[in-house]
$ cat upload35.cif   # mmCIF, C-alpha atoms
data_protein
#
loop_
_atom_site.group_PDB
_atom_site.id
_atom_site.type_symbol
_atom_site.label_atom_id
_atom_site.label_comp_id
_atom_site.auth_asym_id
_atom_site.auth_seq_id
_atom_site.Cartn_x
_atom_site.Cartn_y
_atom_site.Cartn_z
ATOM 1 C CA MET A 537 -2.626 -15.488 3.450
ATOM 2 C CA SER A 538 -4.774 -12.348 3.446
ATOM 3 C CA LYS A 539 -1.935 -10.353 1.870
ATOM 4 C CA ASP A 540 -2.203 -12.429 -1.317
ATOM 5 C CA ILE A 541 -5.889 -11.681 -1.911
ATOM 6 C CA ALA A 542 -6.405 -9.026 -4.557
ATOM 7 C CA GLY A 543 -9.663 -7.643 -3.194
ATOM 8 C CA LEU A 544 -13.025 -8.240 -1.633
ATOM 9 C CA SER A 545 -15.501 -10.203 -3.745
ATOM 10 C CA TRP A 546 -18.790 -12.055 -3.500
ATOM 11 C CA ASP A 547 -16.866 -15.327 -3.869
ATOM 12 C CA LEU A 548 -14.725 -14.407 -0.864
ATOM 13 C CA ILE A 549 -17.860 -13.700 1.189
ATOM 14 C CA GLN A 550 -19.402 -17.022 0.160
ATOM 15 C CA ASP A 551 -16.179 -18.801 1.110
ATOM 16 C CA ALA A 552 -16.260 -17.036 4.465
ATOM 17 C CA ARG A 553 -19.801 -18.131 5.121
ATOM 18 C CA ALA A 554 -18.906 -21.764 4.517
ATOM 19 C CA ARG A 555 -15.741 -21.473 6.628
ATOM 20 C CA ILE A 556 -17.392 -19.946 9.687
ATOM 21 C CA GLN A 557 -20.580 -22.009 9.614
ATOM 22 C CA GLY A 558 -20.974 -23.748 12.953
ATOM 23 C CA ARG A 559 -18.214 -21.593 14.451
ATOM 24 C CA VAL A 560 -20.256 -18.392 14.861
ATOM 25 C CA LEU A 561 -23.940 -17.751 15.424
ATOM 26 C CA ARG A 562 -26.627 -16.824 12.950
ATOM 27 C CA THR A 563 -27.940 -13.810 14.839
ATOM 28 C CA PRO A 564 -31.618 -12.905 15.010
ATOM 29 C CA VAL A 565 -33.371 -10.008 13.319
ATOM 30 C CA MET A 566 -35.574 -8.199 15.829
ATOM 31 C CA THR A 567 -38.340 -5.655 15.349
ATOM 32 C CA SER A 568 -40.246 -3.232 17.540
ATOM 33 C CA HIS A 569 -43.733 -1.851 16.869
ATOM 34 C CA THR A 570 -42.891 1.092 19.133
ATOM 35 C CA LEU A 571 -39.737 2.048 17.236
ATOM 36 C CA ASP A 572 -41.489 1.521 13.892
ATOM 37 C CA ALA A 573 -44.266 3.876 14.916
ATOM 38 C CA GLU A 574 -41.748 6.515 16.020
ATOM 39 C CA ALA A 575 -39.786 6.221 12.781
ATOM 40 C CA GLY A 576 -42.719 5.937 10.404
ATOM 41 C CA SER A 577 -40.909 3.027 8.774
ATOM 42 C CA ASN A 578 -40.176 -0.632 9.406
ATOM 43 C CA LEU A 579 -36.902 -1.187 11.244
ATOM 44 C CA PHE A 580 -35.185 -4.567 11.209
ATOM 45 C CA PHE A 581 -32.377 -4.845 13.741
ATOM 46 C CA LYS A 582 -29.593 -7.311 12.937
ATOM 47 C CA CYS A 583 -28.562 -8.205 16.487
ATOM 48 C CA GLU A 584 -24.841 -8.800 16.371
ATOM 49 C CA ASN A 585 -24.808 -7.935 20.066
ATOM 50 C CA PHE A 586 -26.020 -11.547 20.457
ATOM 51 C CA GLN A 587 -23.053 -12.891 18.456
ATOM 52 C CA ASN A 588 -20.244 -14.925 20.039
ATOM 53 C CA ILE A 589 -18.121 -12.540 22.190
ATOM 54 C CA GLY A 590 -21.010 -10.069 21.947
ATOM 55 C CA ALA A 591 -20.066 -8.451 18.630
ATOM 56 C CA PHE A 592 -19.962 -8.920 14.850
ATOM 57 C CA LYS A 593 -16.174 -9.142 15.040
ATOM 58 C CA ALA A 594 -16.450 -12.891 15.653
ATOM 59 C CA ARG A 595 -17.274 -13.346 11.967
ATOM 60 C CA GLY A 596 -14.193 -11.751 10.421
ATOM 61 C CA ALA A 597 -11.733 -13.018 13.007
ATOM 62 C CA THR A 598 -12.970 -16.594 12.722
ATOM 63 C CA ASN A 599 -12.786 -16.497 8.937
ATOM 64 C CA ALA A 600 -9.218 -15.152 9.007
ATOM 65 C CA VAL A 601 -7.989 -17.679 11.580
ATOM 66 C CA PHE A 602 -9.436 -20.709 9.833
ATOM 67 C CA ALA A 603 -8.137 -19.558 6.439
ATOM 68 C CA LEU A 604 -4.528 -19.821 7.686
ATOM 69 C CA SER A 605 -2.347 -22.710 6.640
ATOM 70 C CA ASP A 606 -1.225 -25.047 9.414
ATOM 71 C CA ALA A 607 2.305 -23.628 9.192
ATOM 72 C CA GLU A 608 1.023 -20.072 9.620
ATOM 73 C CA ALA A 609 -1.420 -21.000 12.364
ATOM 74 C CA ASN A 610 1.159 -22.795 14.480
ATOM 75 C CA LYS A 611 2.944 -19.495 15.150
ATOM 76 C CA GLY A 612 -0.270 -17.859 16.309
ATOM 77 C CA VAL A 613 -2.065 -14.662 15.402
ATOM 78 C CA ALA A 614 -1.701 -11.062 16.563
ATOM 79 C CA THR A 615 -3.680 -7.862 16.366
ATOM 80 C CA HIS A 616 -4.323 -4.499 17.978
ATOM 81 C CA SER A 617 -7.832 -3.788 19.187
ATOM 82 C CA SER A 618 -9.931 -1.624 21.475
ATOM 83 C CA GLY A 619 -11.593 -4.840 22.582
ATOM 84 C CA ASN A 620 -14.155 -6.595 20.420
ATOM 85 C CA HIS A 621 -11.828 -7.702 17.623
ATOM 86 C CA GLY A 622 -9.277 -8.778 20.202
ATOM 87 C CA ALA A 623 -11.812 -10.969 21.984
ATOM 88 C CA ALA A 624 -13.026 -12.350 18.672
ATOM 89 C CA LEU A 625 -9.501 -13.226 17.565
ATOM 90 C CA ALA A 626 -8.705 -14.798 20.928
ATOM 91 C CA ARG A 627 -11.840 -16.936 20.694
ATOM 92 C CA ALA A 628 -11.126 -18.015 17.122
ATOM 93 C CA ALA A 629 -7.527 -18.858 18.018
ATOM 94 C CA ARG A 630 -8.696 -20.944 20.944
ATOM 95 C CA LEU A 631 -11.068 -22.830 18.631
ATOM 96 C CA ARG A 632 -8.037 -23.669 16.483
ATOM 97 C CA ASP A 633 -5.799 -24.232 19.541
ATOM 98 C CA ILE A 634 -3.212 -21.604 18.628
ATOM 99 C CA PRO A 635 -1.934 -18.556 20.555
ATOM 100 C CA ALA A 636 -3.398 -15.066 20.125
ATOM 101 C CA TYR A 637 -1.455 -11.906 21.032
ATOM 102 C CA ILE A 638 -3.716 -8.894 21.537
ATOM 103 C CA VAL A 639 -2.323 -5.362 21.808
ATOM 104 C CA MET A 640 -4.838 -3.127 23.606
ATOM 105 C CA PRO A 641 -4.833 0.524 24.708
ATOM 106 C CA ASN A 642 -4.324 0.957 28.430
ATOM 107 C CA ASN A 643 -7.639 2.820 28.681
ATOM 108 C CA ALA A 644 -9.706 0.038 27.098
ATOM 109 C CA PRO A 645 -12.996 -0.708 28.889
ATOM 110 C CA LYS A 646 -12.572 -3.240 31.676
ATOM 111 C CA ALA A 647 -15.324 -5.405 30.206
ATOM 112 C CA LYS A 648 -13.412 -5.693 26.942
ATOM 113 C CA LEU A 649 -10.100 -6.450 28.655
ATOM 114 C CA ALA A 650 -11.884 -9.155 30.650
ATOM 115 C CA SER A 651 -13.435 -10.614 27.509
ATOM 116 C CA VAL A 652 -10.069 -10.918 25.736
ATOM 117 C CA SER A 653 -8.558 -12.560 28.792
ATOM 118 C CA ARG A 654 -11.538 -14.875 29.234
ATOM 119 C CA HIS A 655 -11.133 -16.156 25.687
ATOM 120 C CA GLY A 656 -7.451 -16.911 26.173
ATOM 121 C CA GLY A 657 -5.844 -13.892 24.517
ATOM 122 C CA LYS A 658 -2.412 -12.760 25.690
ATOM 123 C CA ILE A 659 -2.857 -9.014 26.338
ATOM 124 C CA ILE A 660 -0.101 -6.475 25.685
ATOM 125 C CA LEU A 661 -1.051 -2.986 26.877
ATOM 126 C CA CYS A 662 0.095 0.171 25.082
ATOM 127 C CA GLU A 663 -0.568 3.898 25.025
ATOM 128 C CA PRO A 664 -3.991 4.779 23.567
ATOM 129 C CA THR A 665 -2.778 6.006 20.175
ATOM 130 C CA GLN A 666 -2.892 4.404 16.750
ATOM 131 C CA ALA A 667 0.877 4.748 16.408
ATOM 132 C CA ALA A 668 1.504 2.985 19.724
ATOM 133 C CA ARG A 669 -0.856 0.177 18.825
ATOM 134 C CA GLU A 670 0.789 -0.416 15.461
ATOM 135 C CA LYS A 671 4.322 -0.257 16.886
ATOM 136 C CA SER A 672 3.459 -2.712 19.664
ATOM 137 C CA VAL A 673 1.872 -5.252 17.361
ATOM 138 C CA GLU A 674 4.841 -5.042 14.977
ATOM 139 C CA GLN A 675 7.131 -5.866 17.896
ATOM 140 C CA VAL A 676 4.968 -8.837 18.888
ATOM 141 C CA ILE A 677 5.024 -10.190 15.339
ATOM 142 C CA THR A 678 8.807 -9.795 15.158
ATOM 143 C CA GLU A 679 9.234 -11.693 18.419
ATOM 144 C CA THR A 680 6.716 -14.491 17.795
ATOM 145 C CA GLY A 681 6.308 -14.888 14.049
ATOM 146 C CA ALA A 682 2.551 -14.578 14.519
ATOM 147 C CA THR A 683 0.328 -13.608 11.581
ATOM 148 C CA LEU A 684 -1.291 -10.187 11.748
ATOM 149 C CA VAL A 685 -5.073 -10.280 11.569
ATOM 150 C CA HIS A 686 -5.890 -6.613 11.165
ATOM 151 C CA PRO A 687 -9.089 -5.418 12.867
ATOM 152 C CA TYR A 688 -10.567 -4.158 9.607
ATOM 153 C CA ASP A 689 -8.070 -3.618 6.759
ATOM 154 C CA ASP A 690 -7.971 -7.277 5.756
ATOM 155 C CA TYR A 691 -10.070 -8.830 2.989
ATOM 156 C CA LEU A 692 -10.680 -12.034 4.922
ATOM 157 C CA VAL A 693 -11.933 -10.020 7.886
ATOM 158 C CA MET A 694 -14.171 -7.906 5.638
ATOM 159 C CA ALA A 695 -15.558 -11.020 3.973
ATOM 160 C CA GLY A 696 -16.459 -12.502 7.325
ATOM 161 C CA GLN A 697 -18.233 -9.320 8.381
ATOM 162 C CA GLY A 698 -20.156 -9.326 5.110
ATOM 163 C CA THR A 699 -21.878 -12.573 6.056
ATOM 164 C CA SER A 700 -24.063 -10.560 8.443
ATOM 165 C CA ALA A 701 -25.656 -8.775 5.478
ATOM 166 C CA VAL A 702 -26.209 -12.069 3.656
ATOM 167 C CA GLU A 703 -28.189 -13.357 6.631
ATOM 168 C CA LEU A 704 -30.094 -10.095 7.004
ATOM 169 C CA LEU A 705 -31.206 -10.089 3.376
ATOM 170 C CA GLU A 706 -32.173 -13.747 3.550
ATOM 171 C CA ASP A 707 -34.446 -12.890 6.465
ATOM 172 C CA VAL A 708 -35.720 -9.593 5.026
ATOM 173 C CA PRO A 709 -35.134 -9.660 1.243
ATOM 174 C CA ASP A 710 -37.153 -6.515 0.478
ATOM 175 C CA LEU A 711 -35.063 -4.073 2.507
ATOM 176 C CA ASP A 712 -34.686 -0.606 1.001
ATOM 177 C CA ILE A 713 -31.732 0.596 3.114
ATOM 178 C CA ILE A 714 -29.069 -0.871 5.394
ATOM 179 C CA LEU A 715 -27.535 1.367 8.055
ATOM 180 C CA ALA A 716 -24.191 0.292 9.503
ATOM 181 C CA PRO A 717 -21.568 2.078 11.598
ATOM 182 C CA ILE A 718 -18.144 3.023 10.250
ATOM 183 C CA GLY A 719 -14.925 2.903 12.214
ATOM 184 C CA GLY A 720 -12.094 1.434 10.190
ATOM 185 C CA GLY A 721 -14.590 0.316 7.562
ATOM 186 C CA GLY A 722 -14.305 -3.460 7.753
ATOM 187 C CA LEU A 723 -17.943 -4.061 8.585
ATOM 188 C CA ILE A 724 -19.481 -1.663 6.099
ATOM 189 C CA SER A 725 -17.123 -2.853 3.341
ATOM 190 C CA GLY A 726 -18.317 -6.420 3.782
ATOM 191 C CA VAL A 727 -21.952 -5.408 4.277
ATOM 192 C CA ALA A 728 -22.019 -3.128 1.243
ATOM 193 C CA THR A 729 -20.290 -5.633 -1.042
ATOM 194 C CA ALA A 730 -22.691 -8.407 -0.043
ATOM 195 C CA ALA A 731 -25.804 -6.229 -0.118
ATOM 196 C CA LYS A 732 -25.091 -4.644 -3.500
ATOM 197 C CA THR A 733 -24.363 -8.075 -4.982
ATOM 198 C CA ILE A 734 -27.595 -9.569 -3.680
ATOM 199 C CA LYS A 735 -29.759 -6.494 -4.328
ATOM 200 C CA PRO A 736 -28.089 -3.800 -6.467
ATOM 201 C CA THR A 737 -30.874 -1.267 -5.811
ATOM 202 C CA ILE A 738 -30.460 -1.293 -2.033
ATOM 203 C CA ARG A 739 -28.942 1.779 -0.395
ATOM 204 C CA VAL A 740 -26.111 1.316 2.113
ATOM 205 C CA ILE A 741 -25.528 4.232 4.459
ATOM 206 C CA GLY A 742 -22.682 4.520 6.928
ATOM 207 C CA VAL A 743 -23.013 6.215 10.298
ATOM 208 C CA GLU A 744 -20.138 7.523 12.403
ATOM 209 C CA PRO A 745 -19.672 9.700 15.482
ATOM 210 C CA ALA A 746 -19.227 13.405 14.771
ATOM 211 C CA GLY A 747 -16.154 13.342 17.018
ATOM 212 C CA ALA A 748 -14.498 10.686 14.843
ATOM 213 C CA ASP A 749 -15.650 11.797 11.414
ATOM 214 C CA ASP A 750 -12.732 10.735 9.229
ATOM 215 C CA ALA A 751 -14.953 8.553 7.030
ATOM 216 C CA ILE A 752 -17.299 11.308 5.929
ATOM 217 C CA ARG A 753 -14.387 13.705 5.419
ATOM 218 C CA SER A 754 -12.569 11.106 3.338
ATOM 219 C CA PHE A 755 -15.753 10.178 1.453
ATOM 220 C CA ARG A 756 -16.345 13.796 0.447
ATOM 221 C CA LYS A 757 -12.747 14.617 -0.441
ATOM 222 C CA GLY A 758 -11.844 11.357 -2.163
ATOM 223 C CA THR A 759 -8.691 10.781 -0.103
ATOM 224 C CA ILE A 760 -8.228 9.369 3.388
ATOM 225 C CA GLU A 761 -8.451 12.197 5.940
ATOM 226 C CA PRO A 762 -7.505 10.990 9.447
ATOM 227 C CA VAL A 763 -8.805 12.671 12.587
ATOM 228 C CA PRO A 764 -5.698 13.073 14.792
ATOM 229 C CA ASN A 765 -7.428 12.722 18.157
ATOM 230 C CA PRO A 766 -10.937 11.292 17.793
ATOM 231 C CA GLN A 767 -13.227 11.949 20.740
ATOM 232 C CA THR A 768 -16.274 9.733 21.145
ATOM 233 C CA ILE A 769 -17.954 7.421 23.607
ATOM 234 C CA ALA A 770 -18.145 4.886 20.756
ATOM 235 C CA ASP A 771 -14.676 3.457 21.394
ATOM 236 C CA GLY A 772 -15.023 0.851 18.638
ATOM 237 C CA LEU A 773 -15.362 3.573 15.991
ATOM 238 C CA LYS A 774 -12.257 5.679 16.575
ATOM 239 C CA ALA A 775 -10.166 4.015 13.867
ATOM 240 C CA THR A 776 -9.416 5.725 10.561
ATOM 241 C CA VAL A 777 -10.766 4.097 7.402
ATOM 242 C CA GLY A 778 -8.190 1.773 5.919
ATOM 243 C CA ARG A 779 -6.238 1.694 2.699
ATOM 244 C CA LYS A 780 -8.148 -1.420 1.631
ATOM 245 C CA THR A 781 -11.561 -0.513 3.015
ATOM 246 C CA PHE A 782 -11.755 3.026 1.639
ATOM 247 C CA PRO A 783 -11.966 2.127 -2.085
ATOM 248 C CA ILE A 784 -14.760 -0.323 -1.266
ATOM 249 C CA ILE A 785 -16.606 2.359 0.686
ATOM 250 C CA GLN A 786 -16.195 4.736 -2.253
ATOM 251 C CA ARG A 787 -17.584 2.157 -4.659
ATOM 252 C CA TYR A 788 -20.508 0.693 -2.730
ATOM 253 C CA VAL A 789 -21.592 3.029 0.080
ATOM 254 C CA ASP A 790 -24.259 5.531 -0.966
ATOM 255 C CA ASP A 791 -23.863 8.064 1.815
ATOM 256 C CA ILE A 792 -22.397 8.683 5.276
ATOM 257 C CA VAL A 793 -23.972 10.647 8.131
ATOM 258 C CA THR A 794 -22.588 11.674 11.505
ATOM 259 C CA VAL A 795 -24.271 11.604 14.901
ATOM 260 C CA SER A 796 -23.578 13.548 18.072
ATOM 261 C CA GLU A 797 -22.536 12.043 21.389
ATOM 262 C CA ASP A 798 -25.939 12.921 22.847
ATOM 263 C CA ALA A 799 -27.664 11.156 19.971
ATOM 264 C CA ILE A 800 -25.551 8.027 20.489
ATOM 265 C CA VAL A 801 -26.354 7.871 24.183
ATOM 266 C CA ALA A 802 -30.046 8.540 23.561
ATOM 267 C CA ALA A 803 -30.208 5.801 20.919
ATOM 268 C CA MET A 804 -28.419 3.346 23.172
ATOM 269 C CA ARG A 805 -30.714 4.048 26.103
ATOM 270 C CA HIS A 806 -33.850 3.888 23.940
ATOM 271 C CA ILE A 807 -32.892 0.441 22.634
ATOM 272 C CA TRP A 808 -32.294 -0.750 26.183
ATOM 273 C CA GLU A 809 -35.618 0.620 27.395
ATOM 274 C CA VAL A 810 -37.851 -0.344 24.459
ATOM 275 C CA MET A 811 -36.270 -3.528 23.064
ATOM 276 C CA LYS A 812 -34.902 -4.769 26.404
ATOM 277 C CA ILE A 813 -31.527 -5.650 24.916
ATOM 278 C CA ILE A 814 -28.007 -4.421 25.693
ATOM 279 C CA VAL A 815 -26.068 -2.524 23.067
ATOM 280 C CA GLU A 816 -22.823 -0.649 23.563
ATOM 281 C CA PRO A 817 -22.389 2.940 22.280
ATOM 282 C CA SER A 818 -20.765 1.781 19.027
ATOM 283 C CA GLY A 819 -23.601 -0.689 18.598
ATOM 284 C CA ALA A 820 -26.253 2.036 18.830
ATOM 285 C CA VAL A 821 -24.702 4.403 16.296
ATOM 286 C CA ALA A 822 -26.562 3.010 13.271
ATOM 287 C CA TYR A 823 -29.910 3.415 15.011
ATOM 288 C CA ALA A 824 -28.971 6.977 15.969
ATOM 289 C CA GLY A 825 -28.267 7.598 12.295
ATOM 290 C CA SER A 826 -31.695 6.354 11.250
ATOM 291 C CA LYS A 827 -33.143 9.617 12.553
ATOM 292 C CA LEU A 828 -31.071 11.601 10.030
ATOM 293 C CA VAL A 829 -31.957 9.578 6.939
ATOM 294 C CA PRO A 830 -35.272 9.933 5.041
ATOM 295 C CA THR A 831 -36.842 6.542 5.722
ATOM 296 C CA LYS A 832 -40.590 7.154 5.868
ATOM 297 C CA GLY A 833 -42.532 4.124 4.671
ATOM 298 C CA GLN A 834 -39.396 2.130 3.879
ATOM 299 C CA LYS A 835 -37.873 -1.065 5.229
ATOM 300 C CA ILE A 836 -34.611 -0.334 7.000
ATOM 301 C CA GLY A 837 -31.964 -2.782 8.168
ATOM 302 C CA VAL A 838 -30.052 -1.526 11.216
ATOM 303 C CA VAL A 839 -26.894 -3.343 12.301
ATOM 304 C CA LEU A 840 -26.528 -3.426 16.093
ATOM 305 C CA THR A 841 -22.859 -4.279 16.138
ATOM 306 C CA GLY A 842 -22.144 -5.180 19.756
ATOM 307 C CA GLY A 843 -23.108 -5.180 23.407
ATOM 308 C CA ASN A 844 -19.877 -5.012 25.393
ATOM 309 C CA LEU A 845 -19.401 -2.197 27.906
ATOM 310 C CA ASP A 846 -18.695 -1.530 31.563
ATOM 311 C CA LEU A 847 -22.051 -1.695 33.327
ATOM 312 C CA ASP A 848 -20.766 0.469 36.182
ATOM 313 C CA LYS A 849 -20.030 3.292 33.719
ATOM 314 C CA LEU A 850 -23.294 3.646 31.830
ATOM 315 C CA PRO A 851 -23.284 7.013 30.079
ATOM 316 C CA TRP A 852 -26.633 8.171 31.444
ATOM 317 C CA LEU A 853 -25.583 7.705 35.067
ATOM 318 C CA SER A 854 -24.509 10.943 36.745
ATOM 319 C CA ALA A 855 -21.003 10.982 38.165
ATOM 320 C CA SER A 856 -20.842 10.847 41.926
#
$ encode --input "upload35.cif" --output "structure tokens"
Amino acid sequence: MSKDIAGLSWDLIQDARARIQGRVLRTPVMTSHTLDAEAGSNLFFKCENFQNIGAFKARGATNAVFALSDAEANKGVATHSSGNHGAALARAARLRDIPAYIVMPNNAPKAKLASVSRHGGKIILCEPTQAAREKSVEQVITETGATLVHPYDDYLVMAGQGTSAVELLEDVPDLDIILAPIGGGGLISGVATAAKTIKPTIRVIGVEPAGADDAIRSFRKGTIEPVPNPQTIADGLKATVGRKTFPIIQRYVDDIVTVSEDAIVAAMRHIWEVMKIIVEPSGAVAYAGSKLVPTKGQKIGVVLTGGNLDLDKLPWLSAS
């Protein structure tokens, strides 16, 4: 069904919101006087780490699954994922009582493998490369007839992710900036489309790891520039921006900044210590980026995208 949709629109985001209502959570917006004082601005954290399966991915996957016709759904759904989208798709498929086939890299975090399995996904392991993931999922689709629900390059998925920005701006309508991470671009495409529709003057800024900086390279050059071997602790942000997401990023995103691995870890730990909530490295990237953007005296929305990670491999623990 997603292949027949010409593009991402406000109508598609509104349809997604109606479709997923009652099937995903409306996540809270949290604040911290301590972090505000440090930043010299007002930070409003959209806590998608509290979402079903612990990440924003529940929104897009649920929208895509429940948009399928009965004939399509009966054959199941398939995807490739480093973890969060896979768990989200498995959960959505279980809600609809259909199979979900999840191709995952063999070095995926144990917590994310466990989450996919816990939600009923059928895991197929592959080598940790984009080519291996795509080849494996193609084979699964050939064998099962399942419908591909791409992790990000799918308008239904983007529309679902965009509902997070609708909620954020309902709760804090006078935001000046929204900061969101960029991996494949599904989240920021939905967020930017929704935010610019609701409030055209708002600035949307993407944040990505310096070791996986294809988005900023592509943004500056005007063509998609993959990074052959991205290296970052933020495993959810290694994907290259997609053919469908990139034009949306070009149209609606105002700027992109990159953050170092040290900055990601520091941001993650600071959120844990000050806000007393768990975020994964990918989930802390937008907050890390807030330190690189002029925000003094402004109201800043920060999307905390997820909280799934192996607790026995916290990045600030010394190896022993």
$ residues_around --input "upload35.cif" --residues "Ser826 (chain A)" --least-positions-apart "2" --cutoff "12 Å" --atoms "only C-alpha atoms" --output "VMD selection string"
chain A and resid 571 to 572 574 to 581 713 to 717 740 to 744 792 to 795 799 to 800 803 820 to 824 828 to 832 834 to 839
$ residues_around --input "upload35.cif" --residues "Ile769 (chain A)" --least-positions-apart "3" --cutoff "9 Å" --atoms "only C-alpha atoms" --output "list in words"
Pro745, Gly772, Leu773, Glu797, Ile800, Val801, Pro817, Ser818 and Pro851 of chain A
$ atom_distance --input "upload35.cif" --atom1 "CA of Lys780 (chain A)" --atom2 "CA of Ser651 (chain A)"
28.0 Å
$ resolve_selection --input "upload35.cif" --expression "the PyMOL selection byres ((chain A and resi 602) around 9)" --output "VMD selection string"
chain A and resid 555 to 556 597 to 601 603 to 605 609 628 to 629 632
$ residues_near_point --input "upload35.cif" --point "(-24.3, -1.3, 30.1)" --cutoff "10 Å" --atoms "all atoms listed in the file" --output "list in words"
Ala647, Met804, Arg805, Trp808, Ile813, Ile814, Val815, Glu816, Pro817, Gly843, Asn844, Leu845, Asp846, Leu847, Asp848, Lys849, Leu850, Pro851 and Trp852 of chain A
$ residues_around --input "upload35.cif" --residues "region 653-668 of chain A" --least-positions-apart "3" --cutoff "6 Å" --atoms "only C-alpha atoms" --output "compact mmCIF listing (two decimals) with C-alpha atoms, keeping the file's coordinate frame"
# COMPACT_ATOMS: atom_id res chain seq x y z
CA ALA A 626 -8.70 -14.80 20.93
CA ARG A 627 -11.84 -16.94 20.69
CA ALA A 636 -3.40 -15.07 20.12
CA TYR A 637 -1.46 -11.91 21.03
CA ILE A 638 -3.72 -8.89 21.54
CA VAL A 639 -2.32 -5.36 21.81
CA MET A 640 -4.84 -3.13 23.61
CA PRO A 641 -4.83 0.52 24.71
CA ASN A 642 -4.32 0.96 28.43
CA ALA A 650 -11.88 -9.15 30.65
CA LYS A 671 4.32 -0.26 16.89
$ closest_residue --input "upload35.cif" --among "A:Pro687, A:Thr841, A:Glu674, A:Thr570" --to "Gly590 (chain A)" --atoms "all atoms listed in the file"
A:Thr841
$ axis_aligned_box --input "upload35.cif" --around "region 663-679 of chain A" --padding-each-side "8 Å" --output "AutoDock Vina command-line options"
--center_x 2.6 --center_y -2.8 --center_z 20.0 --size_x 29.2 --size_y 33.7 --size_z 26.0
$ resolve_selection --input "upload35.cif" --expression "the PyMOL selection byres ((chain A and resi 621) around 9)" --output "PyMOL selection string"
chain A and resi 591-594+596-597+615-620+622-626+652+686-688
$ closest_residue --input "upload35.cif" --among "A:Thr563, A:Ser545, A:Ser754, A:Asn588" --to "Glu703 (chain A)" --atoms "all atoms listed in the file"
A:Thr563
$ build_atoms --input "upload35.cif" --residues "region 780-796 of chain A" --atoms "N, CA and C atoms" --output "mmCIF file, in the frame of the given file"
data_model
loop_
_atom_site.group_PDB
_atom_site.id
_atom_site.type_symbol
_atom_site.label_atom_id
_atom_site.label_comp_id
_atom_site.auth_asym_id
_atom_site.auth_seq_id
_atom_site.Cartn_x
_atom_site.Cartn_y
_atom_site.Cartn_z
ATOM 1 N N LYS A 780 -7.380 -0.426 2.390
ATOM 2 C CA LYS A 780 -8.148 -1.420 1.631
ATOM 3 C C LYS A 780 -9.650 -1.179 1.729
ATOM 4 N N THR A 781 -10.116 -0.712 2.874
ATOM 5 C CA THR A 781 -11.561 -0.513 3.015
ATOM 6 C C THR A 781 -12.061 0.722 2.271
ATOM 7 N N PHE A 782 -11.260 1.768 2.195
ATOM 8 C CA PHE A 782 -11.755 3.026 1.639
ATOM 9 C C PHE A 782 -12.220 2.911 0.185
ATOM 10 N N PRO A 783 -11.462 2.248 -0.706
ATOM 11 C CA PRO A 783 -11.966 2.127 -2.085
ATOM 12 C C PRO A 783 -13.290 1.371 -2.168
ATOM 13 N N ILE A 784 -13.500 0.423 -1.272
ATOM 14 C CA ILE A 784 -14.760 -0.323 -1.266
ATOM 15 C C ILE A 784 -15.896 0.578 -0.806
ATOM 16 N N ILE A 785 -15.621 1.384 0.215
ATOM 17 C CA ILE A 785 -16.606 2.359 0.686
ATOM 18 C C ILE A 785 -16.952 3.333 -0.438
ATOM 19 N N GLN A 786 -15.950 3.811 -1.147
ATOM 20 C CA GLN A 786 -16.195 4.736 -2.253
ATOM 21 C C GLN A 786 -17.071 4.104 -3.326
ATOM 22 N N ARG A 787 -16.871 2.831 -3.566
ATOM 23 C CA ARG A 787 -17.584 2.157 -4.659
ATOM 24 C C ARG A 787 -19.017 1.790 -4.291
ATOM 25 N N TYR A 788 -19.228 1.303 -3.059
ATOM 26 C CA TYR A 788 -20.508 0.693 -2.730
ATOM 27 C C TYR A 788 -21.375 1.448 -1.727
ATOM 28 N N VAL A 789 -20.801 2.324 -0.933
ATOM 29 C CA VAL A 789 -21.592 3.029 0.080
ATOM 30 C C VAL A 789 -22.220 4.265 -0.553
ATOM 31 N N ASP A 790 -23.526 4.444 -0.330
ATOM 32 C CA ASP A 790 -24.259 5.531 -0.966
ATOM 33 C C ASP A 790 -24.102 6.857 -0.248
ATOM 34 N N ASP A 791 -23.971 6.819 1.063
ATOM 35 C CA ASP A 791 -23.863 8.064 1.815
ATOM 36 C C ASP A 791 -23.327 7.745 3.207
ATOM 37 N N ILE A 792 -22.855 8.786 3.885
ATOM 38 C CA ILE A 792 -22.397 8.683 5.276
ATOM 39 C C ILE A 792 -22.983 9.859 6.042
ATOM 40 N N VAL A 793 -23.473 9.584 7.257
ATOM 41 C CA VAL A 793 -23.972 10.647 8.131
ATOM 42 C C VAL A 793 -23.243 10.545 9.466
ATOM 43 N N THR A 794 -23.220 11.662 10.183
ATOM 44 C CA THR A 794 -22.588 11.674 11.505
ATOM 45 C C THR A 794 -23.625 11.956 12.586
ATOM 46 N N VAL A 795 -23.354 11.429 13.772
ATOM 47 C CA VAL A 795 -24.271 11.604 14.901
ATOM 48 C C VAL A 795 -23.505 12.147 16.111
ATOM 49 N N SER A 796 -24.187 12.939 16.898
ATOM 50 C CA SER A 796 -23.578 13.548 18.072
ATOM 51 C C SER A 796 -23.452 12.537 19.203
#
